[in-house]
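Data block for work30.pdb (PDB, C-alpha atoms):
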MODEL        1
ATOM      1  CA  CYS A   1    -211.830 -45.000 122.123
ATOM      2  CA  ALA A   2    -211.812 -47.540 119.309
ATOM      3  CA  ALA A   3    -208.237 -46.593 118.418
ATOM      4  CA  ALA A   4    -207.115 -47.056 122.023
ATOM      5  CA  ASP A   5    -208.986 -50.379 122.437
ATOM      6  CA  VAL A   6    -211.191 -48.801 125.105
ATOM      7  CA  ASP A   7    -214.787 -50.018 125.333
ATOM      8  CA  PHE A   8    -216.493 -46.659 125.677
ATOM      9  CA  GLY A   9    -217.951 -44.060 123.349
ATOM     10  CA  GLY A  10    -216.695 -40.549 122.741
ATOM     11  CA  GLY A  11    -218.021 -37.166 123.838
ATOM     12  CA  LYS A  12    -216.641 -33.796 124.837
ATOM     13  CA  ALA A  13    -217.977 -31.398 127.441
ATOM     14  CA  VAL A  14    -217.292 -27.698 126.905
ATOM     15  CA  ILE A  15    -217.510 -24.744 129.276
ATOM     16  CA  ILE A  16    -217.493 -21.538 127.239
ATOM     17  CA  GLY A  17    -215.457 -18.768 128.860
ATOM     18  CA  ASP A  18    -211.996 -17.396 129.584
ATOM     19  CA  PRO A  19    -210.212 -19.920 131.836
ATOM     20  CA  THR A  20    -207.872 -17.217 133.173
ATOM     21  CA  LYS A  21    -210.747 -15.058 134.459
ATOM     22  CA  GLU A  22    -213.999 -16.989 134.777
ATOM     23  CA  LYS A  23    -213.149 -20.196 136.661
ATOM     24  CA  HIS A  24    -214.578 -20.489 140.171
ATOM     25  CA  PRO A  25    -215.839 -23.300 142.443
ATOM     26  CA  GLU A  26    -219.513 -22.510 141.845
ATOM     27  CA  LEU A  27    -219.064 -22.892 138.088
ATOM     28  CA  PHE A  28    -217.652 -26.393 138.456
ATOM     29  CA  ARG A  29    -220.280 -27.387 141.001
ATOM     30  CA  ALA A  30    -222.943 -26.332 138.498
ATOM     31  CA  PHE A  31    -221.096 -28.314 135.846
ATOM     32  CA  GLY A  32    -221.051 -31.329 138.157
ATOM     33  CA  GLN A  33    -224.812 -31.037 138.629
ATOM     34  CA  PHE A  34    -225.287 -31.132 134.871
ATOM     35  CA  VAL A  35    -223.061 -34.202 134.495
ATOM     36  CA  GLU A  36    -225.011 -35.903 137.291
ATOM     37  CA  SER A  37    -228.256 -35.242 135.410
ATOM     38  CA  LEU A  38    -227.022 -37.623 132.700
ATOM     39  CA  GLN A  39    -227.331 -40.451 135.245
ATOM     40  CA  GLY A  40    -223.983 -42.165 134.661
ATOM     41  CA  ARG A  41    -224.114 -42.141 130.871
ATOM     42  CA  PHE A  42    -221.283 -39.594 130.675
ATOM     43  CA  TYR A  43    -217.949 -39.314 132.474
ATOM     44  CA  THR A  44    -215.576 -36.389 132.051
ATOM     45  CA  GLY A  45    -212.485 -34.713 133.493
ATOM     46  CA  THR A  46    -209.728 -32.201 132.954
ATOM     47  CA  ASP A  47    -208.697 -31.039 129.518
ATOM     48  CA  MET A  48    -207.572 -27.851 127.804
ATOM     49  CA  GLY A  49    -208.099 -24.769 129.978
ATOM     50  CA  THR A  50    -208.838 -26.729 133.150
ATOM     51  CA  SER A  51    -206.920 -28.550 135.868
ATOM     52  CA  PRO A  52    -207.686 -31.587 138.051
ATOM     53  CA  ASP A  53    -208.236 -29.246 141.006
ATOM     54  CA  ASP A  54    -211.173 -27.624 139.174
ATOM     55  CA  PHE A  55    -212.981 -30.933 139.076
ATOM     56  CA  VAL A  56    -212.614 -31.531 142.795
ATOM     57  CA  HIS A  57    -215.509 -29.070 143.092
ATOM     58  CA  ALA A  58    -217.514 -30.998 140.481
ATOM     59  CA  LEU A  59    -216.937 -34.183 142.507
ATOM     60  CA  LYS A  60    -219.122 -32.701 145.255
ATOM     61  CA  GLU A  61    -222.082 -33.000 142.893
ATOM     62  CA  THR A  62    -221.344 -36.187 140.927
ATOM     63  CA  ASN A  63    -219.152 -39.301 140.951
ATOM     64  CA  CYS A  64    -218.884 -39.230 137.151
ATOM     65  CA  ILE A  65    -215.558 -37.375 137.177
ATOM     66  CA  VAL A  66    -212.212 -38.963 136.288
ATOM     67  CA  GLY A  67    -208.602 -37.786 136.319
ATOM     68  CA  VAL A  68    -208.586 -36.050 139.712
ATOM     69  CA  ASP A  69    -205.718 -36.341 142.170
ATOM     70  CA  GLU A  70    -205.116 -39.677 143.849
ATOM     71  CA  VAL A  71    -205.966 -38.220 147.275
ATOM     72  CA  TYR A  72    -209.536 -37.834 145.983
ATOM     73  CA  GLY A  73    -209.674 -41.412 144.720
ATOM     74  CA  GLY A  74    -208.707 -40.610 141.132
ATOM     75  CA  SER A  75    -205.888 -41.866 138.938
ATOM     76  CA  GLY A  76    -203.905 -38.635 139.018
ATOM     77  CA  ASP A  77    -202.440 -36.490 136.263
ATOM     78  CA  SER A  78    -203.652 -37.822 132.887
ATOM     79  CA  SER A  79    -201.073 -35.711 131.052
ATOM     80  CA  ILE A  80    -198.402 -38.222 132.122
ATOM     81  CA  PRO A  81    -199.684 -41.156 130.006
ATOM     82  CA  THR A  82    -200.687 -38.705 127.260
ATOM     83  CA  ALA A  83    -197.093 -37.501 127.047
ATOM     84  CA  MET A  84    -195.843 -41.104 127.121
ATOM     85  CA  GLY A  85    -198.150 -41.897 124.208
ATOM     86  CA  VAL A  86    -196.630 -39.041 122.228
ATOM     87  CA  ILE A  87    -193.168 -40.417 122.955
ATOM     88  CA  TYR A  88    -194.246 -43.844 121.702
ATOM     89  CA  GLY A  89    -195.703 -42.150 118.631
ATOM     90  CA  LEU A  90    -192.427 -40.372 117.977
ATOM     91  CA  GLU A  91    -190.524 -43.645 118.353
ATOM     92  CA  ALA A  92    -192.806 -45.354 115.821
ATOM     93  CA  THR A  93    -192.370 -42.398 113.476
ATOM     94  CA  ASN A  94    -188.578 -42.496 113.799
ATOM     95  CA  GLU A  95    -188.602 -46.258 113.242
ATOM     96  CA  THR A  96    -190.590 -45.803 110.035
ATOM     97  CA  ILE A  97    -188.455 -42.995 108.614
ATOM     98  CA  TRP A  98    -184.960 -43.746 109.893
ATOM     99  CA  GLY A  99    -185.137 -47.429 110.870
ATOM    100  CA  SER A 100    -184.560 -46.798 114.575
ATOM    101  CA  ARG A 101    -186.916 -45.764 117.361
ATOM    102  CA  ASP A 102    -184.140 -43.815 119.103
ATOM    103  CA  LEU A 103    -185.083 -40.217 119.917
ATOM    104  CA  HIS A 104    -181.617 -38.710 120.158
ATOM    105  CA  GLY A 105    -179.812 -37.168 117.229
ATOM    106  CA  LYS A 106    -182.984 -35.577 115.815
ATOM    107  CA  ARG A 107    -184.341 -32.037 115.930
ATOM    108  CA  TYR A 108    -187.907 -31.571 117.118
ATOM    109  CA  ALA A 109    -190.085 -28.452 116.837
ATOM    110  CA  VAL A 110    -192.493 -28.402 119.789
ATOM    111  CA  GLN A 111    -195.527 -26.129 119.643
ATOM    112  CA  GLY A 112    -196.971 -25.656 123.116
ATOM    113  CA  LEU A 113    -195.408 -26.351 126.513
ATOM    114  CA  GLY A 114    -198.549 -27.060 128.491
ATOM    115  CA  LYS A 115    -199.255 -30.088 130.656
ATOM    116  CA  VAL A 116    -198.390 -32.537 127.864
ATOM    117  CA  GLY A 117    -196.026 -30.557 125.636
ATOM    118  CA  PHE A 118    -193.683 -29.715 128.487
ATOM    119  CA  LYS A 119    -193.384 -33.349 129.556
ATOM    120  CA  VAL A 120    -192.698 -34.410 125.952
ATOM    121  CA  ALA A 121    -190.035 -31.718 125.537
ATOM    122  CA  GLU A 122    -188.476 -32.641 128.869
ATOM    123  CA  ARG A 123    -188.204 -36.310 127.879
ATOM    124  CA  LEU A 124    -186.693 -35.413 124.506
ATOM    125  CA  LEU A 125    -184.044 -33.293 126.212
ATOM    126  CA  GLU A 126    -183.205 -36.203 128.511
ATOM    127  CA  GLU A 127    -182.800 -38.405 125.429
ATOM    128  CA  GLY A 128    -180.295 -35.963 123.917
ATOM    129  CA  ALA A 129    -182.516 -34.465 121.221
ATOM    130  CA  ASP A 130    -182.295 -30.914 119.848
ATOM    131  CA  LEU A 131    -185.365 -28.768 120.495
ATOM    132  CA  ILE A 132    -186.976 -25.710 118.977
ATOM    133  CA  VAL A 133    -189.979 -24.584 121.023
ATOM    134  CA  THR A 134    -192.670 -21.952 121.234
ATOM    135  CA  ASP A 135    -195.299 -21.151 123.851
ATOM    136  CA  ILE A 136    -197.334 -18.136 124.927
ATOM    137  CA  SER A 137    -196.168 -18.702 128.525
ATOM    138  CA  HIS A 138    -192.732 -17.217 129.200
ATOM    139  CA  HIS A 139    -192.668 -19.122 132.480
ATOM    140  CA  SER A 140    -192.949 -22.487 130.717
ATOM    141  CA  VAL A 141    -190.210 -21.553 128.242
ATOM    142  CA  GLU A 142    -187.869 -20.393 131.009
ATOM    143  CA  LYS A 143    -188.550 -23.541 133.017
ATOM    144  CA  LEU A 144    -187.607 -25.712 130.040
ATOM    145  CA  GLN A 145    -184.473 -23.654 129.421
ATOM    146  CA  LEU A 146    -183.399 -24.261 133.020
ATOM    147  CA  LYS A 147    -183.953 -27.988 132.486
ATOM    148  CA  ALA A 148    -181.837 -27.871 129.323
ATOM    149  CA  LYS A 149    -179.083 -25.952 131.107
ATOM    150  CA  ALA A 150    -178.976 -28.573 133.848
ATOM    151  CA  LEU A 151    -178.482 -31.211 131.164
ATOM    152  CA  GLY A 152    -175.703 -29.217 129.531
ATOM    153  CA  THR A 153    -177.638 -28.341 126.392
ATOM    154  CA  ALA A 154    -179.758 -25.487 125.042
ATOM    155  CA  VAL A 155    -183.227 -24.943 123.627
ATOM    156  CA  LYS A 156    -183.928 -22.629 120.728
ATOM    157  CA  VAL A 157    -187.007 -20.486 121.291
ATOM    158  CA  VAL A 158    -189.067 -18.952 118.481
ATOM    159  CA  SER A 159    -192.197 -16.831 118.637
ATOM    160  CA  GLY A 160    -195.660 -17.756 117.449
ATOM    161  CA  ASP A 161    -196.000 -18.790 113.821
ATOM    162  CA  GLU A 162    -192.227 -19.021 113.315
ATOM    163  CA  ILE A 163    -192.435 -22.620 114.527
ATOM    164  CA  TYR A 164    -193.936 -23.678 111.169
ATOM    165  CA  SER A 165    -190.902 -22.547 109.177
ATOM    166  CA  VAL A 166    -188.017 -23.886 111.272
ATOM    167  CA  ASP A 167    -185.596 -26.526 110.028
ATOM    168  CA  ALA A 168    -186.433 -29.642 112.017
ATOM    169  CA  ASP A 169    -186.988 -33.360 111.559
ATOM    170  CA  VAL A 170    -190.352 -33.662 113.318
ATOM    171  CA  PHE A 171    -193.036 -31.099 114.153
ATOM    172  CA  ILE A 172    -194.803 -31.811 117.476
ATOM    173  CA  PRO A 173    -198.049 -29.823 117.871
ATOM    174  CA  CYS A 174    -199.167 -29.823 121.517
ATOM    175  CA  ALA A 175    -201.436 -26.792 121.671
ATOM    176  CA  ILE A 176    -204.604 -25.837 119.783
ATOM    177  CA  GLY A 177    -206.196 -27.636 116.839
ATOM    178  CA  GLY A 178    -206.581 -26.647 113.197
ATOM    179  CA  ILE A 179    -202.913 -25.766 112.855
ATOM    180  CA  LEU A 180    -202.324 -27.958 109.785
ATOM    181  CA  ASN A 181    -203.929 -26.003 106.974
ATOM    182  CA  ASP A 182    -203.283 -24.584 103.502
ATOM    183  CA  GLU A 183    -201.010 -21.845 104.834
ATOM    184  CA  THR A 184    -198.952 -23.754 107.422
ATOM    185  CA  ILE A 185    -198.427 -26.999 105.496
ATOM    186  CA  GLY A 186    -196.748 -25.043 102.726
ATOM    187  CA  ARG A 187    -194.245 -23.688 105.250
ATOM    188  CA  LEU A 188    -193.314 -26.962 106.934
ATOM    189  CA  LYS A 189    -189.766 -28.231 106.374
ATOM    190  CA  VAL A 190    -190.084 -31.384 108.467
ATOM    191  CA  LYS A 191    -190.241 -35.059 107.569
ATOM    192  CA  ALA A 192    -193.055 -35.889 109.987
ATOM    193  CA  VAL A 193    -195.775 -34.496 112.257
ATOM    194  CA  ALA A 194    -196.601 -36.267 115.525
ATOM    195  CA  GLY A 195    -198.084 -34.502 118.530
ATOM    196  CA  SER A 196    -200.792 -34.424 121.179
ATOM    197  CA  ALA A 197    -203.042 -31.583 119.978
ATOM    198  CA  ASN A 198    -206.618 -32.540 119.140
ATOM    199  CA  ASN A 199    -207.995 -32.016 115.619
ATOM    200  CA  GLN A 200    -204.681 -30.936 114.122
ATOM    201  CA  LEU A 201    -206.017 -31.012 110.554
ATOM    202  CA  LEU A 202    -208.152 -27.963 109.810
ATOM    203  CA  GLU A 203    -209.988 -30.074 107.224
ATOM    204  CA  HIS A 204    -209.844 -33.787 106.443
ATOM    205  CA  ARG A 205    -208.281 -33.044 103.036
ATOM    206  CA  HIS A 206    -205.174 -31.643 104.710
ATOM    207  CA  GLY A 207    -204.139 -35.213 105.472
ATOM    208  CA  MET A 208    -203.756 -35.634 101.709
ATOM    209  CA  SER A 209    -201.835 -32.349 101.515
ATOM    210  CA  LEU A 210    -199.261 -33.687 103.973
ATOM    211  CA  HIS A 211    -199.123 -37.013 102.140
ATOM    212  CA  GLN A 212    -198.482 -35.323  98.798
ATOM    213  CA  LYS A 213    -195.715 -33.240 100.320
ATOM    214  CA  GLY A 214    -194.024 -36.375 101.634
ATOM    215  CA  ILE A 215    -194.617 -35.546 105.310
ATOM    216  CA  LEU A 216    -195.457 -38.565 107.472
ATOM    217  CA  TYR A 217    -198.466 -37.664 109.636
ATOM    218  CA  ALA A 218    -199.272 -39.473 112.872
ATOM    219  CA  PRO A 219    -203.071 -39.186 113.282
ATOM    220  CA  ASP A 220    -203.650 -37.208 116.466
ATOM    221  CA  TYR A 221    -206.287 -39.453 118.021
ATOM    222  CA  ILE A 222    -203.895 -42.397 117.785
ATOM    223  CA  VAL A 223    -200.961 -40.575 119.362
ATOM    224  CA  ASN A 224    -202.740 -38.687 122.153
ATOM    225  CA  ALA A 225    -204.789 -41.596 123.509
ATOM    226  CA  GLY A 226    -202.721 -42.113 126.683
ATOM    227  CA  GLY A 227    -204.857 -39.794 128.796
ATOM    228  CA  LEU A 228    -208.055 -41.395 127.541
ATOM    229  CA  ILE A 229    -206.656 -44.823 128.386
ATOM    230  CA  GLN A 230    -205.956 -43.707 131.961
ATOM    231  CA  VAL A 231    -209.293 -42.070 132.724
ATOM    232  CA  ALA A 232    -211.244 -44.949 131.170
ATOM    233  CA  ASP A 233    -209.173 -47.457 133.125
ATOM    234  CA  GLU A 234    -209.936 -45.498 136.297
ATOM    235  CA  LEU A 235    -213.528 -46.765 136.194
ATOM    236  CA  TYR A 236    -212.155 -50.241 137.024
ATOM    237  CA  GLU A 237    -210.120 -48.790 139.942
ATOM    238  CA  PRO A 238    -206.819 -46.958 139.166
ATOM    239  CA  ASN A 239    -203.865 -49.111 138.126
ATOM    240  CA  LYS A 240    -200.788 -47.262 136.821
ATOM    241  CA  GLU A 241    -198.988 -50.344 135.539
ATOM    242  CA  ARG A 242    -202.019 -51.404 133.521
ATOM    243  CA  VAL A 243    -202.317 -47.909 132.031
ATOM    244  CA  LEU A 244    -198.668 -47.713 131.011
ATOM    245  CA  GLN A 245    -198.798 -51.195 129.482
ATOM    246  CA  LYS A 246    -201.816 -50.283 127.383
ATOM    247  CA  THR A 247    -200.339 -46.907 126.415
ATOM    248  CA  GLY A 248    -197.299 -48.738 125.071
ATOM    249  CA  ALA A 249    -199.556 -50.303 122.423
ATOM    250  CA  ILE A 250    -199.688 -46.903 120.681
ATOM    251  CA  TYR A 251    -196.266 -47.721 119.226
ATOM    252  CA  ASN A 252    -197.458 -50.865 117.430
ATOM    253  CA  SER A 253    -200.797 -49.362 116.411
ATOM    254  CA  LEU A 254    -199.067 -46.474 114.704
ATOM    255  CA  LEU A 255    -196.535 -48.762 113.009
ATOM    256  CA  ASN A 256    -199.423 -50.802 111.616
ATOM    257  CA  ILE A 257    -201.158 -47.669 110.354
ATOM    258  CA  TYR A 258    -197.989 -46.448 108.667
ATOM    259  CA  THR A 259    -197.564 -49.865 107.018
ATOM    260  CA  GLN A 260    -201.172 -49.977 105.832
ATOM    261  CA  SER A 261    -200.853 -46.466 104.420
ATOM    262  CA  GLU A 262    -197.802 -47.446 102.400
ATOM    263  CA  ASN A 263    -199.117 -50.820 101.229
ATOM    264  CA  GLU A 264    -202.529 -49.540 100.164
ATOM    265  CA  HIS A 265    -201.297 -46.186  98.835
ATOM    266  CA  ILE A 266    -203.612 -44.197 101.079
ATOM    267  CA  THR A 267    -202.987 -41.437 103.596
ATOM    268  CA  THR A 268    -202.257 -42.248 107.228
ATOM    269  CA  VAL A 269    -205.533 -40.501 108.076
ATOM    270  CA  GLN A 270    -207.457 -42.924 105.872
ATOM    271  CA  ALA A 271    -205.523 -45.866 107.273
ATOM    272  CA  ALA A 272    -206.274 -44.833 110.858
ATOM    273  CA  ASP A 273    -209.964 -44.317 110.105
ATOM    274  CA  ARG A 274    -210.210 -47.763 108.491
ATOM    275  CA  PHE A 275    -208.435 -49.307 111.464
ATOM    276  CA  CYS A 276    -211.001 -47.838 113.863
ATOM    277  CA  GLU A 277    -214.033 -48.451 111.664
ATOM    278  CA  ASN A 278    -213.114 -52.141 111.298
ATOM    279  CA  ARG A 279    -212.713 -52.485 115.057
ATOM    280  CA  ILE A 280    -216.080 -50.802 115.715
ATOM    281  CA  GLN A 281    -217.882 -52.980 113.175
ATOM    282  CA  THR A 282    -216.331 -56.156 114.564
ATOM    283  CA  ARG A 283    -217.303 -55.339 118.134
ATOM    284  CA  THR A 284    -220.768 -54.148 117.234
ATOM    285  CA  LYS A 285    -221.474 -57.537 115.669
ATOM    286  CA  ARG A 286    -220.052 -59.359 118.665
ATOM    287  CA  ASN A 287    -221.917 -57.297 121.276
ATOM    288  CA  SER A 288    -225.310 -57.421 119.554
ATOM    289  CA  PHE A 289    -224.991 -61.212 119.180
ATOM    290  CA  PHE A 290    -225.300 -61.650 122.943
ATOM    291  CA  THR A 291    -227.000 -58.521 124.240
ATOM    292  CA  HIS A 292    -227.530 -54.871 123.463
ATOM    293  CA  THR A 293    -226.113 -53.940 126.854
ATOM    294  CA  LYS A 294    -222.309 -53.980 127.143
ATOM    295  CA  ARG A 295    -220.913 -54.059 130.664
ATOM    296  CA  PRO A 296    -217.267 -53.580 131.733
ATOM    297  CA  LYS A 297    -215.313 -56.676 132.717
ATOM    298  CA  TRP A 298    -214.694 -55.362 136.225
ATOM    299  CA  SER A 299    -217.011 -53.700 138.705
ATOM    300  CA  VAL A 300    -217.537 -50.048 137.913
ATOM    301  CA  ARG A 301    -216.708 -47.634 140.731
ATOM    302  CA  LYS A 302    -219.838 -46.530 142.579
TER     303      LYS A 302
ENDMDL
END
Starting from the file, lay out its structure as structure tokens.
Amino acid sequence: CAAADVDFGGGKAVIIGDPTKEKHPELFRAFGQFVESLQGRFYTGTDMGTSPDDFVHALKETNCIVGVDEVYGGSGDSSIPTAMGVIYGLEATNETIWGSRDLHGKRYAVQGLGKVGFKVAERLLEEGADLIVTDISHHSVEKLQLKAKALGTAVKVVSGDEIYSVDADVFIPCAIGGILNDETIGRLKVKAVAGSANNQLLEHRHGMSLHQKGILYAPDYIVNAGGLIQVADELYEPNKERVLQKTGAIYNSLLNIYTQSENEHITTVQAADRFCENRIQTRTKRNSFFTHTKRPKWSVRK
């Protein structure tokens, strides 16, 4: 939230189970009851393994749900601004390495074609980029191949862990976390890593491993903040133009982090952490000067 200039805290709700077998309306109504018990201190919505439709059931028990379809009063699919944020992150990365934010003429290795990864891959194809992709869903792969065929190009498909060893310019992780580790970093042949997956570094020290190998790393919580920006903004009534404008700031934030990393001879992970810590400290001092209770600028949705 600090990275995205959003005045909220951070917390993650988890439902333990197999999303392909154990999701049902009663489960999400029970989840909604739990969220309601927190009395407005916690808002949540769709993420990995869930869909906005799941949370329509939770809405029957609590109003503290964001990211549902517009017909239910929500802001809609949060993967759209998340994917846009990744695109801005890729543009900032290209600008830093090659001196141009253009996306075409580069080869990108995309891991995961889910809600966000597919949209990122689709946009890159439209920009004339070369793609190497992998996903456990054959349907998603085939759908992207049809998109590529319509554009008069092709997508190379690899299986599983092969994505770490391909010859590409940028690796775009859009699936699970912990994929940047001792084993995979040694296999990477890319110049940069920038994607939407959460917690990409298995351990904090792997940011240094990438730095030492000369791979420019875009800290995940900077790049994937578009969805967070949308669902937080929803509490002030949905406004797509406002969300897209704020998501566009990811480009400049990442450029500043890259510059700080180079000037101070630190990793991009350290630079991003300092950026956020400074912002938190500054706002903590400002807020406590007036009051210990921080209220949003606009009326919160009831």
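Restricting the calculation to all atoms listed in the file, the smallest distance between Glu183 in chain A and any of A:Val14, A:Ala218, A:Leu254, A:Leu202 is found for A:Leu202.
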Within 6 Å of range 59-68 of chain A, counting all atoms listed in the file, which residues show up once you throw out same-chain ones fewer than 6 positions away? Write them as a ChimeraX atom specification, please. /A:32-33,36,43-45,52,74-76,231
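The set of residues that the PyMOL selection byres ((chain A and resi 146-151) around 12) takes from this file is Phe118, Lys119, Ala121, Glu122, Arg123, Leu124, Leu125, Glu126, Glu127, Gly128, Ala129, Asp130, Leu131, Ile132, His139, Ser140, Val141, Glu142, Lys143, Leu144, Gln145, Gly152, Thr153, Ala154, Val155 and Lys156 of chain A.
Distances to Asp233 in chain A were evaluated for A:Asn199, A:Gln245, A:Met48, A:Val71 using only C-alpha atoms, and the minimum falls at A:Gln245.
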Taking the file as I've supplied it (selection: the PyMOL selection byres ((chain A and resi 227) around 9)), which residues are included? Please answer as a PyMOL selection string. chain A and resi 67+77-83+85+224-226+228-232+247
